[in-house]
Every structure is written in C-alpha cells, then in structure tokens.
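Enquirer: Handing you this structure, nothing more for now.
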Amino acid sequence: MRKISFKLGLLFFVFVLGIETVLFASLYVTLVNSRINEEFEQLLARGNSHRRVLEKNYDPSTLAHVTMMESEAETDVVITNDKGRILFFSDHILPFAKRIIKNVKKNIPYDGMIVQKNWQKESHISTVSPIRIDGKIKGYVYMFQNTDSIQNMIYKLKHHFIMVGILSVFLTIITIAFLSRVITIPLIRMKQATEKLSKGDFSVRLQVKGEDELAELGKAIQTLARDLEFLKKERNEFLASISHELRTPLTYVKGYADIARRPNIEEEERNRYLSIIYEEAEHMQKLVKDLFELAKMDQHSFQIHKEPTNLCSFLKKLHDKMYPAFQAKKMSLVCSCDENIIVHIDQKRFDQVMMNLLDNALKYSVQDTTVSIDVRVEKGYIVIIISDEGTGIPEDDLPHIFERLYRVDKSRSRTTGGTGLGLAIVKEIIEAHGGSIYAESIYGKGTKMIITLQEG
Ligand SMILES: Nc1ncnc2c1ncn2[C@@H]1O[C@H](COP(=O)(O)OP(=O)(O)O)[C@@H](O)[C@H]1O
Ligand SMILES: [Mg+2]
C-alpha cells in the first residue's frame, strides 16, 4: 500500500543526499583551504615583520631579542646568514630546520615564500623571508609553525561537519517521509476509489482540494463514478423495460397457443389464434431487430458512409415508395422541395430515418389528413420538416419520445405495433450525421418532426 510513497521517498532521498554531499564536501574543502592559507599568510607576515626589524637593527642584541620573542610564541624562528649558516634559533627546532634550510634553493623573493607546506605529513610548516641591507642579502628569517594546531583545527572542523551532516540527513529523512506521504495520500485514495469502482461500488466520494493535476484527476474519477452509476441505473431500467416489452407478447403467444392446441376447437377459430400468435411473434421479431440495431449503434464502431445526394430526388423516391400505404389509409402525402439541394448522407440510413418518421405520421393520424415533407435551407443548414395532422403528443410526453422504448400510449402498441425504439434509432442516425432532430406538437392537432443537417 505504501509502496509508491516509499519509492518516491527513496528517490527524493537519494537525490537530496547526493546534492547535500556535494555541497558539504565543497564547503568543507573551501573552508579548510582558506583556513590553511590564512595560517601560511600569518606565518609569512610574522617572518616579514621580524625581517623588517632586523633590517633596521642588524645586531646581535636585536637577533637575540627576536629569537627570544619567538620562544614564547607558538611559532619558532631560525635566523641564518646569507650562506645558510644558522646564527640564532628559538627552540628545539634544529634538526627539522636544518633539513629545510639545506633544501631551500636560492632566488628567494623579497616578500618571502613558503618552503614547507605539507601540513598533513610534516611536523611543521615553514616560510622564509630574506634580510636585505643596502641591496645585499644579509641572511634569512625562517619561520616554523607546528602542524599539530592546524591538524587539531581541521579535526574540529571535520567533527562539526560530521555532526551537521548527520543532523541534516536526519532532517532530510523526516521531511521526505512526511512529504512523500502527503503527496501520495491522494493517489492512494484514488487508487482505492478506482478499486471500489471496478468492484461495482459507485458510491465513491473523493475529497478534492486545490486546482492541481491531482485534484483534476480526483475530479475526473468522481465524474467517472457518477457517470458509471448513471449508466448502471439506465442499463437496469432498460433491461427492465425490455423484459416487460417481451413479457406481454409472450403471454399472448403462450395463452393463444394453449387454446389453439385444444382438440375440440373450430378450424376457423384455431386459424384466428394462430394468426394472433404469428403477429405477436412478428412484433417480437421487430423489437429484437430494433434492439440489435441500437446495440450496434452504441458501439463506437458504428459508422455511416456519407455520399453526396440530391435531396429532392431522394425524397421523391421515398414519397413514391410510401404513397400506397398512405392511400390505403385514405391519407395524402405531399413533398415540396427545391430542385437543387445536395446533402452528404448515408442513403440507406437516411432512408431508415424517413421511413420511421413517415411510419409514425401514418400510424398516429386518422384518414383524410395530410402528411407533408418540406425542405428549407437556412443559414448554411438544411431543415427537413415532416408534419402531420394526427393525434399529436401530450406536452408531458414530448421531451421523452426519443428515449428508448418510450411510447405515449403503452396499451396502443397492440394496435399500432410500435416498439418505442423507432425515434431512438432515428436520433442516433441523425446525430451520427452531425445533425439534430426535435419534435413540436400540439395534442389533438398534429406533430412536426424537424431535422437539421449541416449543408455540404
Ligand atoms: N407523428 C407522431 N404523432 C403522434 N405521436 C407520435 C408521433 N411520432 C411519435 N409519436 C409518439 O412517440 C412515441 C415513440 O415513437 P417511436 O419511437 O417511433 O415508437 P413507436 O414504435 O411507438 O412508433 C410513439 O409511441 C408515439 O406515442
Ligand atoms: Mg415508430
């Protein structure tokens, strides 16, 4: 469960530790170098100041005085003549001094120089300053400083660094542990939420704070949960209505089949029952076909193949095909259309749309009424209106007629043979064309179905 925070924490820790180490090491090196340089400079300055005193009074008493002064200080002095012979020395520095003096090359600059700088290995560091009187070298002042004090100082410095280092590693661990938990807690909550979702529990509620990406993700999951919940509810309702739709015809089929198989029944009567059974079976067949159609449309693979079509000749053909059905019901069908409108439609699908709409207009109208198809072009849109003078749709039902399995008069389905899926299919097809459809109706007066398509 804590894996992600551990990983994140470890990653942070490795990086921060790396950065800290580099910073600490460079700080340490610079600090040590500058402290050591200071020591050298001080030693050299001290030698140079002795040298200045001696240049003013180069006599045995001053030499003795300088040496005596140094014997009290932490540093030591050795004064040689110009040939390198030792004249005075302040302490038991002799063996080391001799070795150094022997190795010193000539050409020592007047400002002096460092002759032993290895403070890590040698017992002393050392500088030399020449004594020059009247332009001639009179001798040299060698200064020595015990490296113990330097090493001691470095040791203390190292100790401090180690202490501060440990403290900062400790603080880093605490900070990172805290931060990585704070960062990963919302992630873990979301993971738990999605796990719940996948188990079918859509009641997840995430507390989302802020505007960052994590908050966005949280909101997205929340929306997903709500959508899934809605879909589940819708699916259940849909399944319930389908089973209801199938139950009624099946009851008829079963009932009439039961009567029809009785032996003492008239032939004529049996035929009547059989044709009812046939009709019910046909209805169920249509229902299943439409359901299958809708199921196919629900898949993302549902594709339409648009082709440029002359709308008026398309509608004319449709008119001729449907006209006999209208005539049979003593109704008339008129189509008014301008000659030259080219639309891009999937002809087979669009034919299905128009047949469905005309079928409704026919079904929900009485004789001696007219159904008309009108086409208008408005601001880059093509509007097709199918109007009838039929029963109309009550205001309360109007917003629902495009829903699956929705019928205004449930009981009438026996006589009209409707499944309530026609308009749902129509809507899917029109929307797949990038268009829209809506209905206007006055109950008792008639209905208008208005399709809007984009031109071209
Ligand atoms: N032209 C119309 N006039 C009156 N009612 C209509 C019309 N078109 C659709 N309806 C109503 O909308 C409902 C849904 O239509 P539809 O999806 O085609 O189903 P059905 O299979 O019942 O025709 C119908 O049951 C009917 O009540
Ligand atoms: Mg219909």
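Chain lettering (A, B, ...) mirrors the order of the structure tokens, residue numbering begins at 1 for each chain separately, and ligand numbering begins at 1 in order of display.
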Counting only C-alpha atoms and all ligand atoms, which residues in chain A sit no more than 12 Å from ligand 2? For each one, give the nearest pair of atoms and the distance in Å, sorted by chain then residue number, as a tab-separated table.
Expert:
```
residue	atom	partner	partner_atom_place_in_ligand_line	distance
A:Lys286	CA	ligand 2	1 (Mg)	11.3
A:Leu287	CA	ligand 2	1 (Mg)	11.2
A:Asp290	CA	ligand 2	1 (Mg)	10.7
A:Gln352	CA	ligand 2	1 (Mg)	11.0
A:Val353	CA	ligand 2	1 (Mg)	10.1
A:Met354	CA	ligand 2	1 (Mg)	10.7
A:Met355	CA	ligand 2	1 (Mg)	9.0
A:Asn356	CA	ligand 2	1 (Mg)	5.6
A:Leu357	CA	ligand 2	1 (Mg)	6.7
A:Leu358	CA	ligand 2	1 (Mg)	8.6
A:Asp359	CA	ligand 2	1 (Mg)	6.3
A:Asn360	CA	ligand 2	1 (Mg)	4.8
A:Ala361	CA	ligand 2	1 (Mg)	8.6
A:Leu362	CA	ligand 2	1 (Mg)	9.6
A:Lys363	CA	ligand 2	1 (Mg)	8.0
A:Tyr364	CA	ligand 2	1 (Mg)	9.3
A:Ile401	CA	ligand 2	1 (Mg)	9.8
A:Phe402	CA	ligand 2	1 (Mg)	10.1
A:Glu403	CA	ligand 2	1 (Mg)	11.8
A:Arg404	CA	ligand 2	1 (Mg)	11.0
A:Leu405	CA	ligand 2	1 (Mg)	10.1
A:Tyr406	CA	ligand 2	1 (Mg)	10.1
A:Arg407	CA	ligand 2	1 (Mg)	8.9
A:Val408	CA	ligand 2	1 (Mg)	11.1
A:Ser413	CA	ligand 2	1 (Mg)	10.2
A:Thr416	CA	ligand 2	1 (Mg)	9.0
A:Gly417	CA	ligand 2	1 (Mg)	8.7
A:Gly418	CA	ligand 2	1 (Mg)	5.6
A:Thr419	CA	ligand 2	1 (Mg)	7.0
A:Gly420	CA	ligand 2	1 (Mg)	6.2
A:Leu421	CA	ligand 2	1 (Mg)	6.8
A:Gly422	CA	ligand 2	1 (Mg)	4.4
A:Leu423	CA	ligand 2	1 (Mg)	6.1
A:Ala424	CA	ligand 2	1 (Mg)	9.1
A:Ile425	CA	ligand 2	1 (Mg)	9.5
A:Val426	CA	ligand 2	1 (Mg)	9.3
A:Lys427	CA	ligand 2	1 (Mg)	11.9
```
Enquirer: May I have the residues within 8 Å of segment 187-190 of chain A as a list in words, using only C-alpha atoms and disregarding those fewer than 2 positions away in the same chain?
Expert: Met1, Ile183, Thr184, Ile185, Gln192, Ala193, Thr194, Leu206, Leu214, Gly218 and Ile221 of chain A
Enquirer: So that I have them on file, write out the residues from the current selection with all heavy atoms, as a PDB file, in the first residue's frame.
Expert:
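The new file out-v7.pdb reads:
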```pdb
ATOM      1  N   MET A   1       0.823  -1.212   0.000  1.00  0.00           N
ATOM      2  CA  MET A   1       0.000   0.000   0.000  1.00  0.00           C
ATOM      3  C   MET A   1       0.853   1.256   0.000  1.00  0.00           C
ATOM      4  O   MET A   1       0.598   2.204  -0.704  1.00  0.00           O
ATOM      5  CB  MET A   1      -0.877  -0.029   1.261  1.00  0.00           C
ATOM      6  CG  MET A   1      -2.076   0.862   1.157  1.00  0.00           C
ATOM      7  SD  MET A   1      -3.143   0.408  -0.195  1.00  0.00           S
ATOM      8  CE  MET A   1      -4.572  -0.123   0.699  1.00  0.00           C
ATOM      9  N   ILE A 183       2.125  13.709  -0.413  1.00  0.00           N
ATOM     10  CA  ILE A 183       1.897  13.696  -1.869  1.00  0.00           C
ATOM     11  C   ILE A 183       1.118  12.446  -2.277  1.00  0.00           C
ATOM     12  O   ILE A 183       0.243  12.499  -3.129  1.00  0.00           O
ATOM     13  CB  ILE A 183       3.244  13.754  -2.616  1.00  0.00           C
ATOM     14  CG1 ILE A 183       3.886  15.115  -2.381  1.00  0.00           C
ATOM     15  CG2 ILE A 183       3.051  13.509  -4.109  1.00  0.00           C
ATOM     16  CD1 ILE A 183       5.268  15.233  -2.937  1.00  0.00           C
ATOM     17  N   THR A 184       1.459  11.316  -1.651  1.00  0.00           N
ATOM     18  CA  THR A 184       0.875  10.066  -2.161  1.00  0.00           C
ATOM     19  C   THR A 184      -0.477   9.728  -1.551  1.00  0.00           C
ATOM     20  O   THR A 184      -1.192   8.904  -2.105  1.00  0.00           O
ATOM     21  CB  THR A 184       1.838   8.889  -1.951  1.00  0.00           C
ATOM     22  OG1 THR A 184       2.281   8.925  -0.609  1.00  0.00           O
ATOM     23  CG2 THR A 184       3.002   8.974  -2.901  1.00  0.00           C
ATOM     24  N   ILE A 185      -0.828  10.378  -0.447  1.00  0.00           N
ATOM     25  CA  ILE A 185      -2.121  10.049   0.159  1.00  0.00           C
ATOM     26  C   ILE A 185      -3.278  10.209  -0.830  1.00  0.00           C
ATOM     27  O   ILE A 185      -4.082   9.288  -0.995  1.00  0.00           O
ATOM     28  CB  ILE A 185      -2.343  10.843   1.469  1.00  0.00           C
ATOM     29  CG1 ILE A 185      -1.635  10.111   2.595  1.00  0.00           C
ATOM     30  CG2 ILE A 185      -3.826  10.982   1.798  1.00  0.00           C
ATOM     31  CD1 ILE A 185      -1.664  10.834   3.909  1.00  0.00           C
ATOM     32  N   GLN A 192      -7.771   3.492  -4.230  1.00  0.00           N
ATOM     33  CA  GLN A 192      -8.825   2.760  -3.518  1.00  0.00           C
ATOM     34  C   GLN A 192     -10.185   3.022  -4.164  1.00  0.00           C
ATOM     35  O   GLN A 192     -11.000   2.112  -4.305  1.00  0.00           O
ATOM     36  CB  GLN A 192      -8.847   3.177  -2.048  1.00  0.00           C
ATOM     37  CG  GLN A 192      -7.663   2.631  -1.281  1.00  0.00           C
ATOM     38  CD  GLN A 192      -7.441   3.354   0.035  1.00  0.00           C
ATOM     39  OE1 GLN A 192      -7.999   4.428   0.271  1.00  0.00           O
ATOM     40  NE2 GLN A 192      -6.619   2.772   0.881  1.00  0.00           N
ATOM     41  N   ALA A 193     -10.381   4.278  -4.562  1.00  0.00           N
ATOM     42  CA  ALA A 193     -11.660   4.635  -5.183  1.00  0.00           C
ATOM     43  C   ALA A 193     -11.868   3.859  -6.470  1.00  0.00           C
ATOM     44  O   ALA A 193     -12.944   3.305  -6.714  1.00  0.00           O
ATOM     45  CB  ALA A 193     -11.699   6.137  -5.448  1.00  0.00           C
ATOM     46  N   THR A 194     -10.814   3.779  -7.301  1.00  0.00           N
ATOM     47  CA  THR A 194     -10.980   3.071  -8.579  1.00  0.00           C
ATOM     48  C   THR A 194     -11.159   1.573  -8.338  1.00  0.00           C
ATOM     49  O   THR A 194     -11.880   0.916  -9.090  1.00  0.00           O
ATOM     50  CB  THR A 194      -9.773   3.304  -9.517  1.00  0.00           C
ATOM     51  OG1 THR A 194      -8.593   3.155  -8.760  1.00  0.00           O
ATOM     52  CG2 THR A 194      -9.818   4.675 -10.127  1.00  0.00           C
ATOM     53  N   LEU A 206     -14.582  11.404  -3.411  1.00  0.00           N
ATOM     54  CA  LEU A 206     -13.218  11.825  -3.099  1.00  0.00           C
ATOM     55  C   LEU A 206     -13.242  13.281  -2.659  1.00  0.00           C
ATOM     56  O   LEU A 206     -13.946  14.093  -3.247  1.00  0.00           O
ATOM     57  CB  LEU A 206     -12.341  11.701  -4.339  1.00  0.00           C
ATOM     58  CG  LEU A 206     -11.947  10.287  -4.755  1.00  0.00           C
ATOM     59  CD1 LEU A 206     -11.394  10.295  -6.159  1.00  0.00           C
ATOM     60  CD2 LEU A 206     -10.913   9.734  -3.811  1.00  0.00           C
ATOM     61  N   LEU A 214      -3.430  16.621  -9.556  1.00  0.00           N
ATOM     62  CA  LEU A 214      -4.006  15.572  -8.711  1.00  0.00           C
ATOM     63  C   LEU A 214      -5.478  15.844  -8.446  1.00  0.00           C
ATOM     64  O   LEU A 214      -6.314  14.941  -8.482  1.00  0.00           O
ATOM     65  CB  LEU A 214      -3.247  15.501  -7.388  1.00  0.00           C
ATOM     66  CG  LEU A 214      -1.974  14.662  -7.401  1.00  0.00           C
ATOM     67  CD1 LEU A 214      -1.373  14.610  -6.018  1.00  0.00           C
ATOM     68  CD2 LEU A 214      -2.260  13.265  -7.896  1.00  0.00           C
ATOM     69  N   GLY A 218      -8.661  13.617  -9.409  1.00  0.00           N
ATOM     70  CA  GLY A 218      -9.695  13.267  -8.433  1.00  0.00           C
ATOM     71  C   GLY A 218     -11.078  13.596  -8.963  1.00  0.00           C
ATOM     72  O   GLY A 218     -12.000  12.790  -8.868  1.00  0.00           O
ATOM     73  N   ILE A 221     -12.142  11.175 -11.619  1.00  0.00           N
ATOM     74  CA  ILE A 221     -12.599   9.895 -11.079  1.00  0.00           C
ATOM     75  C   ILE A 221     -14.010  10.024 -10.524  1.00  0.00           C
ATOM     76  O   ILE A 221     -14.873   9.165 -10.716  1.00  0.00           O
ATOM     77  CB  ILE A 221     -11.619   9.386 -10.001  1.00  0.00           C
ATOM     78  CG1 ILE A 221     -10.312   8.995 -10.665  1.00  0.00           C
ATOM     79  CG2 ILE A 221     -12.194   8.207  -9.234  1.00  0.00           C
ATOM     80  CD1 ILE A 221      -9.231   8.603  -9.708  1.00  0.00           C
TER      81      ILE A 221
END
```
Enquirer: Would you return as a VMD selection string the members of segment 135-279 of chain A that DSSP assigns to alpha helix (DSSP H) on this structure's backbone?
Expert: chain A and resid 147 to 198 213 to 260 267 to 279
Enquirer: Tell me, as a count of residues only, which residues lie within 8 Å of segment 430-443 of chain A, counting only C-alpha atoms; anything in the same chain fewer than 4 positions away does not count.
Expert: 20
Enquirer: If you measure from atom CA of Phe314 of chain A to atom CA of Ala295 of chain A, what distance in Å do you get, rounded to one decimal?
Expert: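 Taking atom CA of Phe314 of chain A as the start and atom CA of Ala295 of chain A as the end point, the length is 27.5 Å.
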Enquirer: Between A:Ile19, A:Leu167, A:Ala220, A:Ala73, which is the closest to Met143 of chain A once you count only C-alpha atoms?
Expert: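 Closest candidate: A:Ala73.
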Enquirer: So that I can check the surroundings of Thr67 of chain A, please list as a VMD selection string every protein, DNA and RNA residue that reaches within 9 Å of it, counting only C-alpha atoms and ignoring chain neighbours fewer than 6 positions away.
Expert: chain A and resid 76 to 79 88 to 91
Enquirer: Which of segment 383-430 of chain A end up as strand (DSSP E or B) when DSSP is run on this backbone - answer as a list in words?
Expert: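 DSSP-assigned strand (DSSP E or B) residues in segment 383-430 of chain A: Val383, Ile384, Ile385, Ile386 and Ser387 of chain A.
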